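Structure data (mmCIF, C-alpha atoms) from input28.cif:
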data_model
loop_
_atom_site.label_atom_id
_atom_site.label_comp_id
_atom_site.auth_asym_id
_atom_site.auth_seq_id
_atom_site.Cartn_x
_atom_site.Cartn_y
_atom_site.Cartn_z
CA MET N 115 0.00 0.00 0.00
CA GLU N 116 1.21 3.47 -0.92
CA THR N 117 0.32 6.78 0.73
CA VAL N 118 -0.18 9.61 -1.78
CA GLY N 119 -1.31 13.23 -1.72
CA CYS N 120 -3.33 15.53 -3.96
CA ILE N 121 -2.11 15.23 -7.53
CA MET N 122 -2.33 19.00 -8.03
CA CYS N 123 -0.67 20.37 -4.88
CA GLU N 124 0.64 17.26 -3.03
CA SER N 125 -1.47 18.09 0.04
CA PRO N 126 -2.22 15.02 2.19
CA GLY N 127 -5.90 15.99 2.08
CA ASP N 128 -8.12 17.71 4.61
CA ARG N 129 -10.53 14.92 5.52
CA VAL N 130 -11.74 11.50 4.53
CA VAL N 131 -14.97 11.81 2.52
CA VAL N 132 -15.47 8.19 1.35
CA ARG N 133 -14.81 4.85 3.06
CA GLU N 134 -15.46 1.80 0.91
CA ASN N 135 -14.16 -1.75 0.49
CA GLY N 136 -11.49 -1.16 3.14
CA PHE N 137 -10.16 1.96 1.38
CA GLN N 138 -10.58 5.65 2.08
CA ALA N 139 -10.67 8.69 -0.19
CA TRP N 140 -9.46 12.11 0.95
CA ARG N 141 -10.55 15.50 -0.34
CA CYS N 142 -8.14 18.36 -0.98
CA HIS N 143 -10.04 21.50 0.01
CA SER N 144 -7.73 23.72 -2.03
CA CYS N 145 -7.89 21.83 -5.34
CA GLY N 146 -11.16 19.94 -5.04
CA VAL N 147 -9.50 16.63 -5.90
CA VAL N 148 -10.68 13.46 -4.14
CA PHE N 149 -8.05 10.69 -4.05
CA VAL N 150 -7.56 7.23 -2.56
CA SER N 151 -4.79 6.95 0.03
CA PRO N 152 -3.24 4.62 0.94
CA ARG N 153 -3.75 2.76 -2.32
CA PRO N 154 -2.60 -0.50 -3.94
CA SER N 155 0.55 -0.58 -6.05
CA ARG N 156 0.47 -0.21 -9.82
CA GLU N 157 1.18 -3.94 -10.11
CA ASP N 158 -1.73 -4.84 -7.84
CA ILE N 159 -4.09 -2.61 -9.80
CA ALA N 160 -2.96 -4.21 -13.08
CA ALA N 161 -3.48 -7.67 -11.59
CA LEU N 162 -7.00 -6.66 -10.54
CA TYR N 163 -7.99 -6.02 -14.16
CA GLU N 164 -6.10 -9.02 -15.52
CA ALA N 165 -8.07 -11.29 -13.19
CA ASP N 166 -11.40 -9.53 -13.89
CA GLY N 167 -11.54 -8.53 -10.23
CA ALA N 168 -12.71 -4.96 -10.74
CA VAL N 169 -16.01 -3.77 -9.25
CA VAL N 170 -17.60 -3.70 -12.73
CA SER N 171 -17.14 -7.18 -14.14
CA CYS N 172 -16.29 -8.13 -17.70
CA ALA N 173 -19.64 -9.95 -17.95
CA SER N 174 -21.65 -6.80 -17.21
CA LEU N 175 -19.72 -4.80 -19.81
CA LEU N 176 -20.38 -7.40 -22.50
CA ARG N 177 -24.15 -7.30 -22.07
CA PRO N 178 -25.87 -5.42 -24.91
CA ALA N 179 -27.44 -2.17 -23.77
CA LEU N 180 -29.38 0.45 -25.70
CA GLU N 181 -28.14 3.25 -23.45
CA LYS N 182 -24.54 2.47 -24.44
CA ARG N 183 -25.39 2.69 -28.13
CA LEU N 184 -27.31 5.93 -27.64
CA GLN N 185 -24.45 7.39 -25.61
CA ALA N 186 -21.97 6.47 -28.36
CA SER N 187 -24.04 8.24 -31.03
CA PHE N 188 -24.57 11.25 -28.76
CA THR N 189 -20.83 11.61 -28.08
CA LEU N 190 -19.87 11.19 -31.72
CA ARG N 191 -22.22 14.01 -32.71
CA ARG N 192 -20.22 16.29 -30.42
CA ILE N 193 -16.87 15.13 -31.80
CA LEU N 194 -17.72 15.37 -35.51
CA PRO N 195 -17.72 19.21 -35.70
CA TYR N 196 -14.05 19.09 -34.65
CA LYS N 197 -12.93 15.87 -36.39
CA ALA N 198 -14.98 14.26 -39.13
CA GLY N 199 -12.74 11.21 -39.53
CA GLY N 200 -9.26 9.81 -39.07
CA ARG N 201 -7.72 7.40 -36.58
CA LEU N 202 -9.60 7.10 -33.30
CA LEU N 203 -8.52 5.25 -30.15
CA GLU N 204 -10.68 4.52 -27.15
CA ILE N 205 -8.97 3.87 -23.81
CA GLY N 206 -11.00 1.49 -21.68
CA ALA N 207 -12.98 0.31 -24.68
CA GLY N 208 -15.09 -2.29 -22.87
CA ALA N 209 -17.22 -4.24 -25.34
CA GLY N 210 -16.45 -1.82 -28.19
CA THR N 211 -19.86 -0.15 -28.51
CA PHE N 212 -18.37 3.30 -29.06
CA LEU N 213 -15.69 2.00 -31.42
CA THR N 214 -18.28 0.24 -33.57
CA ALA N 215 -20.30 3.46 -33.82
CA ALA N 216 -17.14 5.44 -34.64
CA ARG N 217 -16.18 2.94 -37.35
CA ASN N 218 -19.67 3.25 -38.85
CA ALA N 219 -19.22 7.05 -38.83
CA GLY N 220 -16.04 6.81 -40.90
CA PHE N 221 -13.28 6.61 -38.29
CA GLU N 222 -10.53 4.00 -38.25
CA SER N 223 -11.15 2.59 -34.77
CA ALA N 224 -8.82 0.98 -32.24
CA GLY N 225 -9.23 0.27 -28.54
CA MET N 226 -7.14 -0.36 -25.44
CA GLU N 227 -8.38 -2.60 -22.64
CA ALA N 228 -6.75 -3.79 -19.41
CA ASN N 229 -9.03 -6.85 -19.19
CA PRO N 230 -7.76 -9.72 -21.39
CA LEU N 231 -11.26 -11.13 -21.92
CA LEU N 232 -12.42 -7.79 -23.27
CA ARG N 233 -9.32 -7.53 -25.46
CA ASP N 234 -10.19 -10.89 -27.00
CA HIS N 235 -13.76 -9.74 -27.56
CA LEU N 236 -12.65 -6.55 -29.30
CA ARG N 237 -10.33 -8.46 -31.59
CA SER N 238 -13.12 -10.91 -32.42
CA GLN N 239 -15.10 -7.89 -33.66
CA GLY N 240 -12.27 -6.94 -36.01
CA ILE N 241 -11.17 -4.03 -33.81
CA GLU N 242 -7.45 -3.35 -33.47
CA CYS N 243 -6.53 -3.67 -29.78
CA PRO N 244 -2.90 -2.78 -28.96
CA GLU N 245 -1.64 -3.45 -25.45
CA LYS N 246 0.63 -0.38 -25.62
CA LEU N 247 0.34 2.87 -27.53
CA ALA N 248 2.56 2.75 -30.60
CA SER N 249 0.69 4.75 -33.24
CA THR N 250 -0.51 8.31 -33.72
CA TYR N 251 -4.21 9.12 -33.55
CA ASP N 252 -6.48 12.01 -34.49
CA VAL N 253 -8.88 11.39 -31.56
CA ILE N 254 -8.32 9.65 -28.24
CA TYR N 255 -11.48 9.06 -26.24
CA GLY N 256 -12.18 7.72 -22.76
CA CYS N 257 -15.41 7.38 -20.80
CA ASP N 258 -15.09 6.91 -17.04
CA VAL N 259 -11.39 6.16 -17.50
CA LEU N 260 -9.56 9.18 -16.03
CA SER N 261 -10.43 8.17 -12.46
CA HIS N 262 -8.72 4.80 -13.09
CA PHE N 263 -5.36 6.33 -14.08
CA PHE N 264 -2.63 5.44 -11.60
CA ASP N 265 -0.60 8.54 -12.52
CA PRO N 266 -2.75 10.97 -14.56
CA TRP N 267 0.20 13.29 -15.26
CA SER N 268 2.33 10.62 -16.95
CA GLU N 269 -0.62 8.95 -18.65
CA LEU N 270 -1.86 12.24 -20.12
CA ALA N 271 1.70 12.92 -21.31
CA VAL N 272 1.71 9.58 -23.17
CA ILE N 273 -1.72 10.36 -24.66
CA ARG N 274 -0.48 13.75 -25.87
CA GLU N 275 2.60 12.15 -27.40
CA HIS N 276 0.41 9.82 -29.46
CA LEU N 277 -1.94 12.51 -30.76
CA GLY N 278 -1.23 14.06 -34.14
CA PRO N 279 -1.17 17.85 -34.72
CA ARG N 280 -4.38 19.40 -33.35
CA GLY N 281 -5.47 15.96 -32.19
CA LEU N 282 -8.43 15.72 -29.84
CA LEU N 283 -8.67 14.25 -26.37
CA VAL N 284 -12.30 13.61 -25.43
CA LEU N 285 -13.12 12.58 -21.87
CA GLU N 286 -16.41 11.85 -20.17
CA THR N 287 -16.04 11.69 -16.42
CA GLY N 288 -17.80 12.47 -13.17
CA ASN N 289 -17.34 15.67 -11.16
CA ILE N 290 -17.05 14.17 -7.66
CA GLY N 291 -14.48 16.83 -6.72
CA ASP N 292 -17.22 19.47 -7.10
CA VAL N 293 -20.05 17.52 -5.46
CA HIS N 294 -21.37 18.61 -2.07
CA PRO N 295 -21.05 15.73 0.43
CA ARG N 296 -24.80 15.78 1.09
CA PHE N 297 -25.22 14.12 -2.33
CA TYR N 298 -22.78 11.29 -1.62
CA PRO N 299 -25.49 8.94 -0.29
CA ARG N 300 -27.32 9.37 -3.62
CA ILE N 301 -24.23 8.11 -5.46
CA GLY N 302 -23.85 5.05 -3.26
CA ARG N 303 -20.83 3.06 -4.45
CA PHE N 304 -17.69 4.91 -5.53
CA GLN N 305 -15.92 1.75 -6.76
CA LEU N 306 -12.76 1.98 -4.67
CA PRO N 307 -10.00 1.05 -5.42
CA ASP N 308 -10.85 0.80 -9.16
CA HIS N 309 -11.30 4.58 -9.03
CA LEU N 310 -8.23 6.31 -7.62
CA TYR N 311 -8.84 10.01 -8.45
CA PHE N 312 -11.99 12.09 -8.71
CA PHE N 313 -11.83 15.55 -10.23
CA GLY N 314 -14.12 18.54 -10.49
CA GLU N 315 -14.43 20.72 -13.57
CA ARG N 316 -11.90 23.29 -12.30
CA SER N 317 -9.26 20.73 -11.34
CA LEU N 318 -9.84 18.76 -14.54
CA THR N 319 -9.36 21.88 -16.67
CA ARG N 320 -6.14 22.68 -14.79
CA LEU N 321 -4.91 19.12 -15.23
CA LEU N 322 -5.51 19.18 -18.99
CA THR N 323 -4.07 22.67 -19.48
CA ARG N 324 -0.89 21.84 -17.58
CA SER N 325 -0.62 18.58 -19.57
CA GLY N 326 -0.49 20.44 -22.88
CA PHE N 327 -4.13 20.62 -23.97
CA THR N 328 -6.48 23.47 -24.83
CA VAL N 329 -10.07 22.94 -23.69
CA LEU N 330 -12.45 23.57 -26.60
CA ALA N 331 -15.82 22.62 -25.11
CA VAL N 332 -17.38 21.38 -21.88
CA HIS N 333 -20.82 19.73 -21.80
CA ARG N 334 -22.45 19.15 -18.41
CA PHE N 335 -25.26 16.73 -17.56
CA SER N 336 -26.81 16.19 -14.15
CA ILE N 337 -27.03 12.51 -13.17
CA LEU N 338 -29.42 13.03 -10.27
CA PRO N 339 -32.42 11.82 -12.33
CA ASN N 340 -30.52 8.62 -13.20
CA LEU N 341 -29.53 8.05 -9.59
CA TRP N 342 -33.13 8.55 -8.51
CA LEU N 343 -34.32 6.05 -11.12
CA PHE N 344 -31.79 3.43 -10.01
CA ARG N 345 -32.79 4.00 -6.40
CA MET N 346 -36.46 3.48 -7.19
CA LYS N 347 -35.65 0.37 -9.22
CA ASN N 348 -33.57 -1.11 -6.39
CA ARG N 349 -36.26 -0.29 -3.85
CA TRP N 350 -38.94 -1.94 -5.99
CA ARG N 351 -36.79 -5.06 -6.40
CA SER N 352 -35.94 -5.33 -2.71
CA GLY N 353 -39.39 -4.34 -1.48
CA GLY N 354 -37.85 -1.93 1.00
CA GLU N 355 -35.03 0.53 1.43
CA ALA N 356 -32.61 0.62 -1.50
CA ASP N 357 -28.87 0.61 -1.13
CA GLY N 358 -26.71 3.07 -3.07
CA ALA N 359 -27.33 3.23 -6.78
CA GLY N 360 -23.71 2.39 -7.58
CA LEU N 361 -22.09 4.95 -9.86
CA GLY N 362 -21.72 3.31 -13.26
CA VAL N 363 -22.37 -0.25 -12.07
CA SER N 364 -24.45 -2.23 -14.55
CA ARG N 365 -26.99 -4.73 -13.20
CA ALA N 366 -28.50 -5.46 -16.60
CA PRO N 367 -30.03 -8.86 -17.32
CA ALA N 368 -28.15 -11.21 -19.65
CA ALA N 369 -30.52 -10.54 -22.56
CA GLU N 370 -31.59 -7.14 -23.86
CA THR N 371 -35.31 -7.56 -23.36
CA PRO N 372 -37.88 -4.96 -24.54
CA SER N 373 -38.27 -3.74 -20.94
CA ARG N 374 -34.50 -3.39 -20.61
CA ARG N 375 -34.34 -1.40 -23.86
CA LEU N 376 -37.10 0.89 -22.59
CA PHE N 377 -35.20 1.34 -19.32
CA GLY N 378 -32.06 2.19 -21.32
CA LEU N 379 -33.93 4.77 -23.37
CA VAL N 380 -35.28 6.40 -20.20
CA LEU N 381 -31.77 6.47 -18.70
CA HIS N 382 -30.41 8.22 -21.78
CA VAL N 383 -33.19 10.82 -21.93
CA LEU N 384 -32.90 11.56 -18.23
CA ARG N 385 -29.13 12.05 -18.35
CA TYR N 386 -28.54 13.81 -21.65
CA GLY N 387 -31.95 15.43 -22.07
CA LEU N 388 -33.36 16.43 -18.70
CA GLY N 389 -29.87 16.33 -17.17
CA SER N 390 -28.70 19.10 -19.50
CA LEU N 391 -31.39 21.44 -18.12
CA LEU N 392 -31.18 20.82 -14.38
CA PRO N 393 -29.07 22.89 -11.95
CA LYS N 394 -25.60 21.37 -11.60
CA THR N 395 -23.59 23.44 -9.11
CA GLY N 396 -22.45 21.18 -6.27
CA ARG N 397 -24.45 18.25 -7.66
CA PRO N 398 -23.28 14.99 -9.28
CA GLN N 399 -22.97 15.22 -13.02
CA THR N 400 -21.27 13.80 -16.09
CA VAL N 401 -18.81 16.18 -17.74
CA LEU N 402 -17.96 15.66 -21.42
CA ILE N 403 -14.83 17.66 -22.17
CA ILE N 404 -13.25 18.12 -25.60
CA ALA N 405 -9.63 19.32 -25.63
CA GLU N 406 -7.10 19.87 -28.41
CA LYS N 407 -3.41 19.09 -28.29
CA ALA N 408 -1.58 22.38 -27.83
CA GLU N 409 1.58 23.14 -29.79
CA SER N 410 3.66 22.84 -26.64
CA PRO N 411 2.89 21.85 -23.02
CA SER N 412 2.15 24.70 -20.61
#

I need this file expressed as structure tokens, please.
Amino acid sequence: METVGCIMCESPGDRVVVRENGFQAWRCHSCGVVFVSPRPSREDIAALYEADGAVVSCASLLRPALEKRLQASFTLRRILPYKAGGRLLEIGAGAGTFLTAARNAGFESAGMEANPLLRDHLRSQGIECPEKLASTYDVIYGCDVLSHFFDPWSELAVIREHLGPRGLLVLETGNIGDVHPRFYPRIGRFQLPDHLYFFGERSLTRLLTRSGFTVLAVHRFSILPNLWLFRMKNRWRSGGEADGAGLGVSRAPAAETPSRRLFGLVLHVLRYGLGSLLPKTGRPQTVLIIAEKAESPS
């Protein structure tokens, strides 16, 4: 186990804000970064994914889901005004839903995955799946991947190195660093230690700027309606009090039934439709940020 501080200012943190699975996450009051400390080693984290021991299992990621397909199309529509084609890499590609949509939109798609079962699945779909970055890309995309980075500074530096001139980095991530603690019970599970860092919009913008990127656009979507829906679903299933919704944890059935597709459609409309209109200050949200590789790091 390794004790770390805030990635922005190296502060040891002001207080513990999350305790989960035997781990604790501290919040830096100055930077708004929430980070796990002490944490497992890089080797232990890698072994966790190799053995499919992460909180979100390989099986759940492989289940077909309408909301994933809708999210892929939604995200691509926001990328296309900046890049209408070229080589695209997704980090943490899962079952390849986004990469398939990108390929259909004219991109040459590739994906990186820490889980060997998912790597095999991607390759079976005809998707290039390198284990290390060795090429140059026009777009690098990651959804709910930044919080998994063991060392965001070095990993963003590698990403920048493998982007071509004016290449895009597109990230969708939560804003836990900006969320008021009174909303934490709504979130439920934070997936420690899979998630090691949680940023807010201000700290994320600073991180990207100092890593050599220029932020072009930020799209914000409240996830409170989704969390409420999951809570009601869990309560209905249990017949009583629901536990935490579980941020990003899929409990989908093995088959994509008509009721599951309807549920996925409602999830998408609540997050990206209603969620775009609701107040977001201090509340849990998804942030979709589009940044361009700057000519030189700041």

**Prompt:** Neighbours of Val150 of chain N within 8 Å (all atoms listed in the file; same-chain residues fewer than 4 positions away dropped), as a PyMOL selection string?
**Reply:** chain N and resi 118+137-140+306-307+309-311

**Request:** For atom CA of Val259 of chain N and atom CA of Thr214 of chain N, determine how far apart the two atoms are, in Å to one decimal place.
**Result:**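 If I compute the distance from atom CA of Val259 of chain N to atom CA of Thr214 of chain N, I get 18.5 Å.
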
**Item:** Spatial neighbours of segment 376-391 of chain N, max dist 9 Å, all atoms listed in the file, sep filter under 4 positions, as a list of chain:residue names
**Value:**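 The residues satisfying every condition are N:Ala179, N:Leu180, N:Glu181, N:Lys182, N:Leu184, N:Gln185, N:Phe188, N:His333, N:Arg334, N:Phe335, N:Ser336, N:Ile337, N:Leu338, N:Pro339, N:Asn340, N:Leu343, N:Thr371, N:Pro372, N:Gln399, N:Thr400.
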
**Item:** Residues returned when the PyMOL selection byres ((chain N and resi 280-293) around 7) runs on this file, as a VMD selection string
**Value:** chain N and resid 146 to 148 252 to 258 260 277 to 279 294 to 295 297 312 to 315 396 to 408

**Request:** Would you mind reading off the distance between atom CA of Thr323 of chain N and atom CA of Thr117 of chain N, one decimal, in Å?
**Result:**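 Going from atom CA of Thr323 of chain N over to atom CA of Thr117 of chain N covers 26.1 Å.
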
**Asked** Separation of atom CA of Ala207 of chain N and atom CA of Leu175 of chain N, in Å?
**Response** 9.8 Å

**Request:** With a distance cut-off of 12 Å and only C-alpha atoms, select the neighbouring residues of Glu227 of chain N, excluding the residue or stretch itself and same-chain residues fewer than 3 positions from it, and output the selection as a PyMOL selection string.
**Result:** chain N and resi 160+163-164+166+172+175+203-210+224+230-237+241-247+256+259

**Request:** Might you pull out every residue within 9 Å of Ser325 of chain N, with only C-alpha atoms counted and same-chain residues fewer than 2 positions away left off, and present them as a list in words?
**Result:** Trp267, Ser268, Leu270, Ala271, Arg274, Arg320, Leu321, Leu322, Thr323, Phe327, Pro411 and Ser412 of chain N

**Prompt:** Which is closer to Glu222 of chain N than all the others in N:Gly119, N:Thr250, N:Ser238, N:Phe263, using all atoms listed in the file?
**Reply:**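 Looking at the shortest contact to Glu222 of chain N, the residue is N:Thr250.
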
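With distances taken over all atoms listed in the file, N:Phe264 is the one residue among N:Tyr298, N:Phe344, N:Phe264, N:Phe212 lying closest to Ser151 of chain N.
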
**Request:** Give the answer as one residue: which of N:Leu213, N:Leu202, N:Ile159, N:Ala186 has the shortest atom-to-atom distance to Tyr251 of chain N, using all atoms listed in the file?
**Result:**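 Under the stated criterion, the closest residue is N:Leu202.
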
**Spatial neighbours of Cys120 of chain N, max dist 8 Å, all atoms listed in the file, sep filter under 3 positions, as a ChimeraX atom specification** = /N:123-127,142,145,147-149
